[in-house]
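A.B. asks: Supplied structure: coords32.pdb, PDB, C-alpha atoms and all ligand atoms.
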ATOM      1  CA  MET A 274     -63.388   0.231  41.649
ATOM      2  CA  ALA A 275     -61.675  -2.474  43.626
ATOM      3  CA  HIS A 276     -60.126  -1.983  46.997
ATOM      4  CA  ASP A 277     -58.035  -4.446  48.923
ATOM      5  CA  GLU A 278     -59.702  -2.855  51.890
ATOM      6  CA  PRO A 279     -61.711   0.310  52.247
ATOM      7  CA  HIS A 280     -60.084   3.367  53.692
ATOM      8  CA  GLY A 281     -61.679   3.311  57.095
ATOM      9  CA  ALA A 282     -61.184   3.255  60.786
ATOM     10  CA  HIS A 283     -58.759   0.330  60.763
ATOM     11  CA  HIS A 284     -56.757   1.554  57.817
ATOM     12  CA  HIS A 285     -53.180   1.885  58.969
ATOM     13  CA  HIS A 286     -51.044   4.092  56.886
ATOM     14  CA  ASP A 287     -47.457   5.204  57.303
ATOM     15  CA  HIS A 288     -47.644   8.680  55.988
ATOM     16  CA  GLU A 289     -44.808  10.156  54.053
ATOM     17  CA  HIS A 290     -47.036  13.208  54.022
ATOM     18  CA  ASP A 291     -49.691  13.945  56.576
ATOM     19  CA  ALA A 292     -53.369  13.994  55.721
ATOM     20  CA  HIS A 293     -53.226  17.678  54.851
ATOM     21  CA  GLY A 294     -50.527  17.147  52.245
ATOM     22  CA  LEU A 295     -47.835  18.932  54.236
ATOM     23  CA  PRO A 296     -44.308  17.616  53.858
ATOM     24  CA  SER A 297     -43.266  15.333  56.678
ATOM     25  CA  GLU A 298     -40.537  16.359  59.079
ATOM     26  CA  PRO A 299     -37.888  14.127  57.406
ATOM     27  CA  ASP A 300     -38.904  15.603  54.058
ATOM     28  CA  LEU A 301     -38.396  19.128  55.401
ATOM     29  CA  LYS A 302     -35.014  18.168  56.852
ATOM     30  CA  VAL A 303     -33.915  16.733  53.517
ATOM     31  CA  ARG A 304     -34.942  19.945  51.759
ATOM     32  CA  ALA A 305     -33.106  22.058  54.325
ATOM     33  CA  ILE A 306     -29.931  19.987  53.939
ATOM     34  CA  GLU A 307     -30.179  20.123  50.149
ATOM     35  CA  THR A 308     -30.551  23.920  50.267
ATOM     36  CA  LEU A 309     -27.498  24.274  52.497
ATOM     37  CA  LEU A 310     -25.358  21.988  50.352
ATOM     38  CA  VAL A 311     -26.320  23.865  47.201
ATOM     39  CA  GLU A 312     -25.708  27.251  48.830
ATOM     40  CA  LYS A 313     -22.267  26.152  49.999
ATOM     41  CA  GLY A 314     -21.469  24.952  46.505
ATOM     42  CA  LEU A 315     -21.013  21.374  47.683
ATOM     43  CA  ILE A 316     -23.564  19.876  45.315
ATOM     44  CA  ASP A 317     -24.896  20.799  41.926
ATOM     45  CA  PRO A 318     -28.721  20.775  41.805
ATOM     46  CA  ALA A 319     -28.578  19.432  38.243
ATOM     47  CA  ALA A 320     -26.501  16.464  39.400
ATOM     48  CA  LEU A 321     -28.978  15.824  42.182
ATOM     49  CA  ASP A 322     -31.862  15.942  39.704
ATOM     50  CA  ALA A 323     -30.026  13.440  37.511
ATOM     51  CA  ILE A 324     -29.644  11.044  40.439
ATOM     52  CA  VAL A 325     -33.321  11.310  41.342
ATOM     53  CA  ASP A 326     -34.305  10.871  37.688
ATOM     54  CA  SER A 327     -32.153   7.784  37.521
ATOM     55  CA  TYR A 328     -33.947   6.194  40.472
ATOM     56  CA  GLU A 329     -37.374   7.247  39.214
ATOM     57  CA  ASN A 330     -36.997   6.224  35.609
ATOM     58  CA  ARG A 331     -34.189   3.736  35.214
ATOM     59  CA  ILE A 332     -32.830   1.735  38.130
ATOM     60  CA  GLY A 333     -36.091   1.029  39.945
ATOM     61  CA  PRO A 334     -38.500   0.408  37.062
ATOM     62  CA  ARG A 335     -36.001  -1.828  35.252
ATOM     63  CA  ASN A 336     -36.515  -4.340  38.073
ATOM     64  CA  GLY A 337     -40.270  -4.302  37.584
ATOM     65  CA  ALA A 338     -39.771  -4.677  33.827
ATOM     66  CA  GLN A 339     -37.868  -7.908  34.460
ATOM     67  CA  VAL A 340     -40.791  -9.229  36.492
ATOM     68  CA  VAL A 341     -43.239  -8.328  33.709
ATOM     69  CA  ALA A 342     -41.103  -9.815  30.928
ATOM     70  CA  ARG A 343     -40.675 -13.015  32.921
ATOM     71  CA  ALA A 344     -44.437 -13.211  33.498
ATOM     72  CA  TRP A 345     -45.013 -12.768  29.764
ATOM     73  CA  THR A 346     -42.632 -15.554  28.784
ATOM     74  CA  ASP A 347     -42.824 -18.107  31.586
ATOM     75  CA  PRO A 348     -46.300 -19.506  32.414
ATOM     76  CA  ASP A 349     -44.987 -21.230  35.550
ATOM     77  CA  TYR A 350     -43.539 -17.962  36.776
ATOM     78  CA  ARG A 351     -46.845 -16.201  36.085
ATOM     79  CA  GLU A 352     -48.621 -18.810  38.201
ATOM     80  CA  ARG A 353     -46.188 -18.260  41.065
ATOM     81  CA  LEU A 354     -46.697 -14.513  40.680
ATOM     82  CA  ARG A 355     -50.458 -15.043  41.002
ATOM     83  CA  ALA A 356     -50.097 -17.304  44.022
ATOM     84  CA  ASP A 357     -47.595 -15.152  45.929
ATOM     85  CA  SER A 358     -46.384 -12.054  44.132
ATOM     86  CA  THR A 359     -43.936 -11.032  46.860
ATOM     87  CA  ALA A 360     -42.182 -14.415  46.764
ATOM     88  CA  ALA A 361     -42.117 -14.580  42.962
ATOM     89  CA  ILE A 362     -40.634 -11.080  42.808
ATOM     90  CA  ALA A 363     -38.056 -11.980  45.467
ATOM     91  CA  GLU A 364     -37.010 -14.945  43.280
ATOM     92  CA  LEU A 365     -35.580 -12.368  40.883
ATOM     93  CA  GLY A 366     -33.752 -10.656  43.738
ATOM     94  CA  TYR A 367     -36.139  -7.764  44.321
ATOM     95  CA  SER A 368     -37.211  -7.339  47.921
ATOM     96  CA  GLY A 369     -36.736  -5.096  50.904
ATOM     97  CA  ARG A 370     -38.198  -1.948  52.319
ATOM     98  CA  GLY A 371     -41.414  -0.933  50.589
ATOM     99  CA  GLY A 372     -41.724  -4.400  49.106
ATOM    100  CA  GLU A 373     -42.710  -6.479  52.123
ATOM    101  CA  HIS A 374     -46.062  -7.291  50.534
ATOM    102  CA  ILE A 375     -46.427  -6.644  46.819
ATOM    103  CA  VAL A 376     -49.438  -7.769  44.802
ATOM    104  CA  ALA A 377     -49.125  -8.039  41.026
ATOM    105  CA  VAL A 378     -52.396  -7.182  39.279
ATOM    106  CA  GLU A 379     -52.746  -8.363  35.694
ATOM    107  CA  ASN A 380     -54.253  -6.469  32.824
ATOM    108  CA  ALA A 381     -56.279  -8.616  30.439
ATOM    109  CA  PRO A 382     -58.605  -8.005  27.512
ATOM    110  CA  GLY A 383     -61.365  -5.801  28.955
ATOM    111  CA  VAL A 384     -59.567  -5.216  32.264
ATOM    112  CA  HIS A 385     -57.133  -2.408  33.060
ATOM    113  CA  ASN A 386     -55.565  -1.887  36.493
ATOM    114  CA  LEU A 387     -54.518   1.467  37.916
ATOM    115  CA  ILE A 388     -52.492   2.091  41.064
ATOM    116  CA  VAL A 389     -52.786   5.018  43.406
ATOM    117  CA  CYS A 390     -52.106   5.838  47.022
ATOM    118  CA  THR A 391     -55.010   8.047  47.988
ATOM    119  CA  LEU A 392     -53.521   9.126  51.317
ATOM    120  CA  CYS A 393     -49.854   9.673  50.528
ATOM    121  CA  SER A 394     -47.397   8.043  48.153
ATOM    122  CA  CYS A 395     -47.009   4.333  48.987
ATOM    123  CA  TYR A 396     -45.245   2.686  46.052
ATOM    124  CA  PRO A 397     -43.504  -0.672  45.506
ATOM    125  CA  TRP A 398     -39.924   0.594  45.792
ATOM    126  CA  PRO A 399     -37.997  -2.653  45.071
ATOM    127  CA  VAL A 400     -39.665  -3.024  41.664
ATOM    128  CA  LEU A 401     -40.456   0.566  40.666
ATOM    129  CA  GLY A 402     -37.972   2.762  42.534
ATOM    130  CA  LEU A 403     -39.144   6.193  43.620
ATOM    131  CA  PRO A 404     -42.640   7.406  42.747
ATOM    132  CA  PRO A 405     -42.869  10.130  40.110
ATOM    133  CA  THR A 406     -44.038  13.588  41.175
ATOM    134  CA  TRP A 407     -47.456  13.179  39.568
ATOM    135  CA  TYR A 408     -48.081  10.010  41.604
ATOM    136  CA  LYS A 409     -47.635  12.022  44.803
ATOM    137  CA  SER A 410     -49.795  14.941  43.662
ATOM    138  CA  ALA A 411     -53.112  15.648  45.372
ATOM    139  CA  ALA A 412     -54.758  15.902  41.963
ATOM    140  CA  TYR A 413     -53.753  12.379  40.927
ATOM    141  CA  ARG A 414     -54.543  10.860  44.317
ATOM    142  CA  SER A 415     -58.114  12.125  44.245
ATOM    143  CA  ARG A 416     -58.877  11.947  40.525
ATOM    144  CA  ALA A 417     -57.537   8.428  40.008
ATOM    145  CA  VAL A 418     -60.392   7.206  42.174
ATOM    146  CA  ILE A 419     -63.134   9.589  41.031
ATOM    147  CA  ASP A 420     -62.344   9.698  37.323
ATOM    148  CA  PRO A 421     -59.758   7.071  36.363
ATOM    149  CA  ARG A 422     -60.751   7.147  32.700
ATOM    150  CA  GLY A 423     -60.277  10.913  32.570
ATOM    151  CA  VAL A 424     -56.870  10.740  34.248
ATOM    152  CA  LEU A 425     -55.775   8.052  31.817
ATOM    153  CA  ALA A 426     -56.949  10.169  28.881
ATOM    154  CA  ASP A 427     -54.863  13.080  30.202
ATOM    155  CA  PHE A 428     -51.854  10.767  30.045
ATOM    156  CA  GLY A 429     -52.707   9.827  26.475
ATOM    157  CA  VAL A 430     -54.137   6.429  27.336
ATOM    158  CA  THR A 431     -57.521   5.853  25.759
ATOM    159  CA  LEU A 432     -59.124   2.538  26.590
ATOM    160  CA  PRO A 433     -62.161   0.975  24.952
ATOM    161  CA  ALA A 434     -65.355   2.274  26.584
ATOM    162  CA  ASP A 435     -66.271  -1.205  27.826
ATOM    163  CA  THR A 436     -62.881  -1.847  29.471
ATOM    164  CA  GLU A 437     -63.257  -2.168  33.217
ATOM    165  CA  ILE A 438     -60.783  -0.018  35.153
ATOM    166  CA  ARG A 439     -59.806  -1.420  38.531
ATOM    167  CA  VAL A 440     -58.246   1.084  40.901
ATOM    168  CA  TRP A 441     -55.994  -0.284  43.633
ATOM    169  CA  ASP A 442     -55.315   1.871  46.658
ATOM    170  CA  SER A 443     -51.824   1.220  47.972
ATOM    171  CA  THR A 444     -50.968   1.293  51.637
ATOM    172  CA  SER A 445     -47.737   0.908  53.535
ATOM    173  CA  GLU A 446     -48.680  -2.763  54.002
ATOM    174  CA  ILE A 447     -49.817  -3.690  50.493
ATOM    175  CA  ARG A 448     -48.319  -2.166  47.375
ATOM    176  CA  TYR A 449     -49.176  -3.042  43.797
ATOM    177  CA  ILE A 450     -47.494  -3.485  40.439
ATOM    178  CA  VAL A 451     -49.457  -3.774  37.200
ATOM    179  CA  ILE A 452     -48.563  -6.564  34.789
ATOM    180  CA  PRO A 453     -49.587  -4.979  31.489
ATOM    181  CA  GLU A 454     -50.672  -7.052  28.513
ATOM    182  CA  ARG A 455     -47.902  -8.269  26.249
ATOM    183  CA  PRO A 456     -47.929  -6.143  23.095
ATOM    184  CA  ALA A 457     -48.994  -7.790  19.854
ATOM    185  CA  GLY A 458     -46.281  -8.879  17.471
ATOM    186  CA  THR A 459     -43.686  -9.632  20.151
ATOM    187  CA  GLU A 460     -43.795 -13.438  19.895
ATOM    188  CA  HIS A 461     -40.232 -13.499  18.528
ATOM    189  CA  LEU A 462     -38.725 -11.351  21.287
ATOM    190  CA  GLY A 463     -36.669 -12.599  24.212
ATOM    191  CA  VAL A 464     -36.928 -11.549  27.839
ATOM    192  CA  GLU A 465     -34.480  -8.652  27.604
ATOM    193  CA  GLU A 466     -36.065  -7.242  24.450
ATOM    194  CA  LEU A 467     -39.493  -7.552  26.048
ATOM    195  CA  ALA A 468     -38.316  -5.876  29.259
ATOM    196  CA  ALA A 469     -37.184  -2.898  27.182
ATOM    197  CA  LEU A 470     -40.798  -2.388  26.082
ATOM    198  CA  VAL A 471     -42.069  -2.163  29.660
ATOM    199  CA  THR A 472     -42.333   1.445  30.795
ATOM    200  CA  ARG A 473     -42.563   2.639  34.361
ATOM    201  CA  ASP A 474     -45.980   4.165  33.722
ATOM    202  CA  SER A 475     -47.300   0.895  32.297
ATOM    203  CA  MET A 476     -46.516  -0.787  35.635
ATOM    204  CA  VAL A 477     -48.543   1.867  37.490
ATOM    205  CA  GLY A 478     -51.359   1.470  34.976
ATOM    206  CA  MET A 479     -50.898   5.022  33.746
ATOM    207  CA  GLY A 480     -49.515   3.882  30.417
ATOM    208  CA  LEU A 481     -49.137   0.921  28.104
ATOM    209  CA  PRO A 482     -45.970  -0.914  27.058
ATOM    210  CA  LYS A 483     -44.173   0.377  23.992
ATOM    211  CA  ALA A 484     -45.438  -1.048  20.739
ATOM    212  CA  VAL A 485     -43.129  -2.762  18.285
ATOM    213  CA  ALA A 486     -42.880  -1.802  14.651
ATOM    214  CA  ALA A 487     -44.926  -4.126  12.500
TER     215      ALA A 487
HETATM  216 FE    FE B   1     -49.633   5.858  51.118
END
Since I need it in another form, could you write the structure as structure tokens?

C.D. replies:
Amino acid sequence: MAHDEPHGAHHHHDHEHDAHGLPSEPDLKVRAIETLLVEKGLIDPAALDAIVDSYENRIGPRNGAQVVARAWTDPDYRERLRADSTAAIAELGYSGRGGEHIVAVENAPGVHNLIVCTLCSCYPWPVLGLPPTWYKSAAYRSRAVIDPRGVLADFGVTLPADTEIRVWDSTSEIRYIVIPERPAGTEHLGVEELAALVTRDSMVGMGLPKAVAA
């Protein structure tokens, strides 16, 4: 398991949840406001769910997919991504809060990267949007470190036994995105077609890109 730095005395962490997993005060306020708005008939919970789903699954991760597809097709871009991921990602227009320092970690034959935030839910917002519920769960946050292979298997991802799994613990200062391996048989595809193969989960390391029909 690889750590950018160990969780220790000098580990600074902006908690969206406190160490006991209780919702933060802003989180509680948001829930209270949502409840009031629903009760007064001002918002439809289904519409709210659709908005959240959109940020979790479409708007945010589509940015990350562009970064991945560019890395797959442009060796110079991949080099810039290795040298300074934050700058290379900003080249494509993705920056801002939650993306002040992003590190792209590359999967390769025999190496698989997995991202977690063991203390709360730090996540690279400009490239992946909002974290999914499972990413914020206590079960994922602990098991990803203790038993990454088992967690991956639960998500339907079975890796060769000799593949090294590197677990990266996100913080408010450093957040990670996985650059998955380009699927076989995609040599003829362009950037947009490739981006469509890149799933959100594959950029957290909890999945693989979609395969193409042979
Ligand atoms: Fe965190």

A.B. asks: Just to confirm, what's the straight-line distance from CA of Arg414 (chain A) to CA of Val400 (chain A) in Å (one decimal)?

C.D. replies: 20.5 Å

A.B. asks: If I take CA of Arg304 (chain A) and CA of Glu373 (chain A), how far is one from the other in Å, to one decimal?

C.D. replies: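 Separating CA of Arg304 (chain A) from CA of Glu373 (chain A) is a distance of 27.5 Å.
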
A.B. asks: When distances are computed from all atoms listed in the file, which of A:Gly369, A:Pro404, A:Pro348, A:Gly383 shows the smallest separation from ligand FE 1 (chain B)?

C.D. replies: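 Comparing A:Gly369, A:Pro404, A:Pro348, A:Gly383 against ligand FE 1 (chain B), the winner is A:Pro404.
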
A.B. asks: How would you write, as number ranges by chain, the residues chosen by the PyMOL selection byres (((chain A and resi 378) around 8) and not hetatm) on this structure?

C.D. replies: A: 376-377, 379-380, 386, 449-452

A.B. asks: Using only C-alpha atoms and all ligand atoms, find the one residue out of A:Pro399, A:Gly423, A:Gly371, A:Gly463 that sits nearest to ligand FE 1 (chain B).

C.D. replies: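 When distances to ligand FE 1 (chain B) are compared using only C-alpha atoms and all ligand atoms, the smallest one comes from A:Gly371.
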
A.B. asks: Near region 424-441 of chain A, counting all atoms listed in the file, which residues have an atom at most 12 Å away, once you skip same-chain residues fewer than 4 positions from it, shown as JSON, numbers by chain?

C.D. replies: {"A": [274, 275, 276, 277, 278, 279, 280, 375, 376, 377, 378, 379, 380, 381, 382, 383, 384, 385, 386, 387, 388, 389, 390, 391, 395, 396, 407, 408, 412, 413, 414, 415, 416, 417, 418, 419, 420, 447, 448, 449, 450, 451, 474, 475, 477, 478, 479, 480, 481, 482]}

A.B. asks: Could you please determine the separation between atom FE of ligand FE 1 (chain B) and CA of Pro299 (chain A) in Å, to one decimal place?

C.D. replies: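 Between atom FE of ligand FE 1 (chain B) and CA of Pro299 (chain A) the gap is 15.7 Å.
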
A.B. asks: Could you tell me which residues the PyMOL selection byres (((chain A and resi 330) around 10) and not hetatm) grabs in this file, written as a list in words?

C.D. replies: Val325, Asp326, Ser327, Tyr328, Glu329, Arg331, Ile332, Gly333, Pro334, Arg335, Leu401, Gly402, Leu403, Pro404, Pro405, Thr472, Arg473 and Asp474 of chain A

A.B. asks: Starting from the displayed file, determine the output of the PyMOL selection byres (((chain A and resi 358) around 10) and not hetatm) and express the residue list as a list in words.

C.D. replies: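 Evaluating the PyMOL selection byres (((chain A and resi 358) around 10) and not hetatm) on this file yields Val340, Tyr350, Arg351, Glu352, Arg353, Leu354, Arg355, Ala356, Asp357, Thr359, Ala360, Ala361, Ile362, Ala363, Glu364, His374, Ile375, Val376, Ala377, Val378, Tyr449 and Ile450 of chain A.
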
A.B. asks: Between A:Ala342, A:Cys393, A:Val471, A:Met476, which is the closest to ligand FE 1 (chain B) once you count all atoms listed in the file?

C.D. replies: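 With all atoms listed in the file as the atom set, the closest residue is A:Cys393.
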
A.B. asks: Enclose the full set of atoms of region 474-480 of chain A listed in the file within a box whose edges lie along x, y and z, apply 5 Å of padding to each of the six sides, and report centre and edge lengths in Å to one decimal as AutoDock Vina command-line options.

C.D. replies:
--center_x -48.7 --center_y 2.1 --center_z 34.0 --size_x 15.4 --size_y 15.8 --size_z 17.1
